Protein chains: 2
Amino acid sequence: MRERFVEWRPRIDEAIEELVPRVIDETYLGDFFGEATYQYQSEAIQAALADPLWNLLDRGGKRWRSVLFLVMIEAVGEDPAEYLPFACIPEILHNGTIIVDDVEDGAQKRRGTTALHHVFGTDIALNAGNAMYFIPLKVIDQNDDILDDGQRLQTYEMLTHELNRTHLGQGMDIYWHNQEAVSVDEQRYYEMCACKTGCLARIVSRLAAIVTDKPDRVEYRLARYAEEMSIAFQIGDDILDIEHTLDKAGEFGKEFGNDIREGKKTLMVIYTVEHASTEQAARLEEILWADDNTDEEILEAIDIMQSVDALAYARERAQDLAASARGHLDELDLESEAETDLQEFTRFVIEREA
Amino acid sequence: MRERFVEWRPRIDEAIEELVPRVIDETYLGDFFGEATYQYQSEAIQAALADPLWNLLDRGGKRWRSVLFLVMIEAVGEDPAEYLPFACIPEILHNGTIIVDDVEDGAQKRRGTTALHHVFGTDIALNAGNAMYFIPLKVIDQNDDILDDGQRLQTYEMLTHELNRTHLGQGMDIYWHNQEAVSVDEQRYYEMCACKTGCLARIVSRLAAIVTDKPDRVEYRLARYAEEMSIAFQIGDDILDIEHTLDKAGEFGKEFGNDIREGKKTLMVIYTVEHASTEQAARLEEILWADDNTDEEILEAIDIMQSVDALAYARERAQDLAASARGHLDELDLESEAETDLQEFTRFVIEREA
């Protein structure tokens, strides 16, 4: 798996540069956005689009959505190199949502350094983030030699559907976040993850099936695999935040007890509120809701969660979801080396250490 | 023309309610967003989507994009009532951009009262605004009895193209806004307007032509009409801001000298910087760039613009554009009553008083 990242990452970035070059000129603008009615200004678009986009991408990121897409193409028996431009779609969309999320959350940092809206200003950052919701769709139009009319229409309808659900999931998450009481149950938490995180992974899968013209059955199973893996990933992420807090690992990008300070309603919080005593549940809600927390309060919150074995419960659920995700792959007749990698992905998302 | 607004506005709002009801329940969520994998939470979606959307729409707004769409449908000889759901597309898109723009600009007010992100919080408002970029696209999918596969594909490609250009225009505008020197010339100013304001009006026109299956020639002319009218509208808006400042009309939604305080690079500013003396141009740039302005500085800036007759120049350009917009209608064989209304639109945009 690791070698795939090494192999593909530079080629993915080249494909992204085809869509949004690091240096913008008027020829590119005319080609990509259509001939100007009057006159474009390339330096403005450089500053408003290319600079923020590449500033974020150059901070790192594994491009795992693109790599997952390419591995899926191989898994269904096709040549990933032929479909490289499509790998940009989920990657640019994802990075767009990151910029927007950081504005929504008033985040200070991203990938270890200043959040984009604090570097470029909220206006430039947000406009660039939103532009990144539409720029990658141009790939569909540009590749009408690979996709026939039916496939292009299917792609647009799929993206519209999944991006609508992404905003639904984000809405649910924000709503819970803005309430003191934990009003969400486990099923709704999974739904939120399935929408908010899962839909981008579903885009990866469904796109791989659509562009290679595979039957609905393949599209469905790959999408379910991606969705369940994403929920497992989200739970894994929340567990990691607690584990790192317990380790007080200062090197980790996040601050100490970040999720608790933010008041995040994680699966562990939901499970604890359902299983701890009324007093303990109320105390946990109080700590999560407070504007500021001392380090002692952070540890107290974790103690309450640990008293009902919430971490162990969350880890089990993540493992179940990852196993179920692998089950969807078993239903398909995939190319074996790529299938092994897809299975490895489901382990990586819950066993990673950062 | 006025009676059309009276006739259509309630029906447009009914059509929008079909897409996003005022009261969200799980049946609607399942129908619109597809069956939940786990379980939706209607109260979260109510608070995160329906409430902010209707809060903004209920503040007023003429729904002129929807009305323009319906008049165009009539102008090309079809029955507007049959295409009502499509009228929601530009309207919801436009209101989404309003929410996002206000976050970008850090605006305090919208339509005479508190800006949405100050009512609901930046997180809820921004997510709702962005959701409004994708919700209306569902109309395409839902009306496959009216649109064949080719028309649906054309609609998606058209929207992708125009929404990409919208972000390009917004990027240009923000970039100029963030610079002290006026580095933009007239041609680029028109391009910015054509992209930022014009693309949504182009969506109105092109959609009307596509859904009624009219030839490319009709789509092209209607789009050019809408584009030029939008630029005229934008210039008219900037002239109004100055005129109201001179009248010190306190009732007007905007503050005294709003555009000058914001440092907006309007056509009048561009023309003045090109035609005034170096000292006067520098003084105008200085006033525009300052964090705060006294009322005297506002009037001084206007005096500098008046010294080169910038307002008269801008008014002439707006009239030329409106006349040219009407010229595109003459090239088409339109239903006469609706054509008269379309012509009236181009006068309204530069002769309105608020």
# chains A, B, ... in the order shown; residues from 1 in each chain; ligands from 1

call {"tool": "closest_atom_pairs", "arguments": {"of": "chain B", "to": "chain A", "cutoff": "6 Å", "atoms": "only C-alpha atoms", "output": "tab-separated table"}}
result
residue	atom	partner	partner_atom	distance
B:Tyr38	CA	A:Glu191	CA	5.2
B:Gln39	CA	A:Arg188	CA	5.1
B:Tyr40	CA	A:Arg188	CA	6.0
B:Ala44	CA	A:Met172	CA	5.3
B:Ala48	CA	A:Gly171	CA	5.1
B:Glu104	CA	A:Asp123	CA	4.1
B:Thr122	CA	A:Glu104	CA	5.6
B:Asp123	CA	A:Glu104	CA	4.1
B:Ala131	CA	A:His167	CA	5.6
B:Phe134	CA	A:Asn164	CA	5.8
B:Leu153	CA	A:Leu153	CA	5.2
B:Asn164	CA	A:Phe134	CA	5.8
B:His167	CA	A:Ala131	CA	5.6
B:Gly171	CA	A:Ala48	CA	5.1
B:Met172	CA	A:Ala44	CA	5.3
B:Tyr175	CA	A:Ala44	CA	5.7
B:Gln187	CA	A:Tyr38	CA	5.4
B:Arg188	CA	A:Gln39	CA	5.2
B:Glu191	CA	A:Tyr38	CA	5.2

call {"tool": "select_by_dssp", "arguments": {"residues": "range 63-125 of chain B", "states": "strand (DSSP E or B)", "output": "PyMOL selection string"}}
result
chain B and resi 109-110+113-114

call {"tool": "write_last_selection", "arguments": {"atoms": "N, CA and C atoms", "output": "mmCIF file, in the first residue's frame"}}
result
data_model
loop_
_atom_site.group_PDB
_atom_site.id
_atom_site.type_symbol
_atom_site.label_atom_id
_atom_site.label_comp_id
_atom_site.auth_asym_id
_atom_site.auth_seq_id
_atom_site.Cartn_x
_atom_site.Cartn_y
_atom_site.Cartn_z
ATOM 1 N N LYS B 109 -25.235 43.660 8.336
ATOM 2 C CA LYS B 109 -26.668 43.735 8.016
ATOM 3 C C LYS B 109 -26.964 43.122 6.652
ATOM 4 N N ARG B 110 -28.208 42.696 6.500
ATOM 5 C CA ARG B 110 -28.692 42.185 5.211
ATOM 6 C C ARG B 110 -30.187 42.449 5.147
ATOM 7 N N THR B 113 -31.784 44.133 8.224
ATOM 8 C CA THR B 113 -31.666 43.592 9.580
ATOM 9 C C THR B 113 -30.369 42.777 9.707
ATOM 10 N N THR B 114 -30.174 42.166 10.865
ATOM 11 C CA THR B 114 -28.917 41.480 11.162
ATOM 12 C C THR B 114 -28.555 40.416 10.119
#

call {"tool": "select_by_dssp", "arguments": {"residues": "range 122-220 of chain A", "states": "helix (DSSP H, G or I)", "output": "ChimeraX atom specification"}}
result
/A:122-131,135-142,149-177,186-196,198-211,216-220

call {"tool": "closest_residue", "arguments": {"among": "A:Val67, A:Leu53, A:Asp25, A:Ala75", "to": "Gly96 in chain A", "atoms": "only C-alpha atoms"}}
result
A:Leu53

call {"tool": "residues_around", "arguments": {"residues": "range 297-311 of chain A", "least_positions_apart": "3", "cutoff": "6 Å", "atoms": "only C-alpha atoms", "output": "JSON, numbers by chain"}}
result
{"A": [268, 272, 284, 293, 294, 314]}

call {"tool": "closest_atom_pairs", "arguments": {"of": "range 74-122 of chain B", "to": "range 203-207 of chain B", "cutoff": "9 Å", "atoms": "only C-alpha atoms", "output": "tab-separated table"}}
result
residue	atom	partner	partner_atom	distance
B:Phe86	CA	B:Leu207	CA	7.9
B:Ala87	CA	B:Val204	CA	7.9
B:Ile89	CA	B:Val204	CA	8.3
B:Pro90	CA	B:Val204	CA	6.1

call {"tool": "residues_around", "arguments": {"residues": "Leu342 in chain B", "least_positions_apart": "2", "cutoff": "10 Å", "atoms": "only C-alpha atoms", "output": "PyMOL selection string"}}
result
chain B and resi 1+68+71-72+75+225-226+325-326+329+336-340+344-348

call {"tool": "closest_residue", "arguments": {"among": "A:Asp144, A:Asp238, A:Glu78, A:Asp51", "to": "Leu267 in chain A", "atoms": "only C-alpha atoms"}}
result
A:Asp238

call {"tool": "closest_residue", "arguments": {"among": "B:Glu286, B:Ala181, B:Gly198, B:Leu57", "to": "Glu274 in chain B", "atoms": "only C-alpha atoms"}}
result
B:Ala181

call {"tool": "residues_around", "arguments": {"residues": "Ala15 in chain A", "least_positions_apart": "6", "cutoff": "12 Å", "atoms": "only C-alpha atoms", "output": "PDB file with N, CA, C and O atoms, in the first residue's frame"}}
result
ATOM      1  N   TRP A   8       1.927   7.260  -6.768  1.00  0.00           N
ATOM      2  CA  TRP A   8       0.855   8.068  -7.353  1.00  0.00           C
ATOM      3  C   TRP A   8       0.856   9.531  -6.939  1.00  0.00           C
ATOM      4  O   TRP A   8       0.405  10.388  -7.683  1.00  0.00           O
ATOM      5  N   ARG A   9       1.329   9.815  -5.747  1.00  0.00           N
ATOM      6  CA  ARG A   9       1.168  11.184  -5.250  1.00  0.00           C
ATOM      7  C   ARG A   9       1.680  12.264  -6.201  1.00  0.00           C
ATOM      8  O   ARG A   9       0.953  13.222  -6.484  1.00  0.00           O
ATOM      9  N   PRO A  21      -3.227  25.459 -12.448  1.00  0.00           N
ATOM     10  CA  PRO A  21      -1.760  25.570 -12.472  1.00  0.00           C
ATOM     11  C   PRO A  21      -1.265  26.464 -11.338  1.00  0.00           C
ATOM     12  O   PRO A  21      -1.997  27.316 -10.845  1.00  0.00           O
ATOM     13  N   ARG A  22      -0.013  26.232 -10.952  1.00  0.00           N
ATOM     14  CA  ARG A  22       0.574  27.076  -9.908  1.00  0.00           C
ATOM     15  C   ARG A  22       0.727  28.512 -10.390  1.00  0.00           C
ATOM     16  O   ARG A  22       0.673  29.444  -9.605  1.00  0.00           O
ATOM     17  N   SER A  66      -7.609  10.324  -3.612  1.00  0.00           N
ATOM     18  CA  SER A  66      -7.181  10.067  -4.992  1.00  0.00           C
ATOM     19  C   SER A  66      -6.572   8.680  -5.125  1.00  0.00           C
ATOM     20  O   SER A  66      -6.836   7.968  -6.093  1.00  0.00           O
ATOM     21  N   ALA A  81      -3.915   4.738 -14.724  1.00  0.00           N
ATOM     22  CA  ALA A  81      -3.292   5.879 -15.419  1.00  0.00           C
ATOM     23  C   ALA A  81      -4.266   6.562 -16.380  1.00  0.00           C
ATOM     24  O   ALA A  81      -4.221   7.768 -16.584  1.00  0.00           O
ATOM     25  N   GLU A  82      -5.177   5.753 -16.959  1.00  0.00           N
ATOM     26  CA  GLU A  82      -6.136   6.317 -17.915  1.00  0.00           C
ATOM     27  C   GLU A  82      -7.178   7.224 -17.267  1.00  0.00           C
ATOM     28  O   GLU A  82      -7.838   7.993 -17.946  1.00  0.00           O
ATOM     29  N   TYR A  83      -7.345   7.049 -15.967  1.00  0.00           N
ATOM     30  CA  TYR A  83      -8.427   7.768 -15.282  1.00  0.00           C
ATOM     31  C   TYR A  83      -7.903   8.806 -14.282  1.00  0.00           C
ATOM     32  O   TYR A  83      -8.645   9.289 -13.434  1.00  0.00           O
ATOM     33  N   LEU A  84      -6.633   9.119 -14.412  1.00  0.00           N
ATOM     34  CA  LEU A  84      -5.984  10.023 -13.462  1.00  0.00           C
ATOM     35  C   LEU A  84      -6.702  11.356 -13.261  1.00  0.00           C
ATOM     36  O   LEU A  84      -6.840  11.812 -12.109  1.00  0.00           O
ATOM     37  N   PRO A  85      -7.169  12.026 -14.334  1.00  0.00           N
ATOM     38  CA  PRO A  85      -7.828  13.332 -14.097  1.00  0.00           C
ATOM     39  C   PRO A  85      -9.007  13.249 -13.132  1.00  0.00           C
ATOM     40  O   PRO A  85      -9.257  14.175 -12.366  1.00  0.00           O
ATOM     41  N   PHE A  86      -9.730  12.109 -13.162  1.00  0.00           N
ATOM     42  CA  PHE A  86     -10.899  11.971 -12.297  1.00  0.00           C
ATOM     43  C   PHE A  86     -10.500  11.869 -10.818  1.00  0.00           C
ATOM     44  O   PHE A  86     -11.301  12.167  -9.938  1.00  0.00           O
ATOM     45  N   ALA A  87      -9.261  11.440 -10.573  1.00  0.00           N
ATOM     46  CA  ALA A  87      -8.782  11.326  -9.189  1.00  0.00           C
ATOM     47  C   ALA A  87      -8.731  12.691  -8.501  1.00  0.00           C
ATOM     48  O   ALA A  87      -8.748  12.787  -7.277  1.00  0.00           O
ATOM     49  N   CYS A  88      -8.685  13.763  -9.315  1.00  0.00           N
ATOM     50  CA  CYS A  88      -8.652  15.118  -8.737  1.00  0.00           C
ATOM     51  C   CYS A  88      -9.988  15.514  -8.128  1.00  0.00           C
ATOM     52  O   CYS A  88     -10.039  16.393  -7.262  1.00  0.00           O
ATOM     53  N   ILE A  89     -11.060  14.922  -8.616  1.00  0.00           N
ATOM     54  CA  ILE A  89     -12.396  15.387  -8.194  1.00  0.00           C
ATOM     55  C   ILE A  89     -12.564  15.290  -6.673  1.00  0.00           C
ATOM     56  O   ILE A  89     -12.796  16.310  -6.020  1.00  0.00           O
ATOM     57  N   GLU A  91     -10.360  14.868  -4.406  1.00  0.00           N
ATOM     58  CA  GLU A  91      -9.260  15.530  -3.690  1.00  0.00           C
ATOM     59  C   GLU A  91      -9.491  17.035  -3.569  1.00  0.00           C
ATOM     60  O   GLU A  91      -9.343  17.626  -2.490  1.00  0.00           O
ATOM     61  N   ILE A  92      -9.861  17.669  -4.681  1.00  0.00           N
ATOM     62  CA  ILE A  92     -10.095  19.118  -4.638  1.00  0.00           C
ATOM     63  C   ILE A  92     -11.356  19.426  -3.829  1.00  0.00           C
ATOM     64  O   ILE A  92     -11.385  20.369  -3.037  1.00  0.00           O
ATOM     65  N   PRO A 136     -13.431  21.112  -9.901  1.00  0.00           N
ATOM     66  CA  PRO A 136     -13.181  19.724 -10.315  1.00  0.00           C
ATOM     67  C   PRO A 136     -14.281  19.138 -11.201  1.00  0.00           C
ATOM     68  O   PRO A 136     -14.022  18.201 -11.950  1.00  0.00           O
ATOM     69  N   VAL A 139     -13.749  18.483 -14.911  1.00  0.00           N
ATOM     70  CA  VAL A 139     -13.102  17.254 -15.386  1.00  0.00           C
ATOM     71  C   VAL A 139     -14.092  16.397 -16.185  1.00  0.00           C
ATOM     72  O   VAL A 139     -13.726  15.770 -17.177  1.00  0.00           O
TER      73      VAL A 139
END
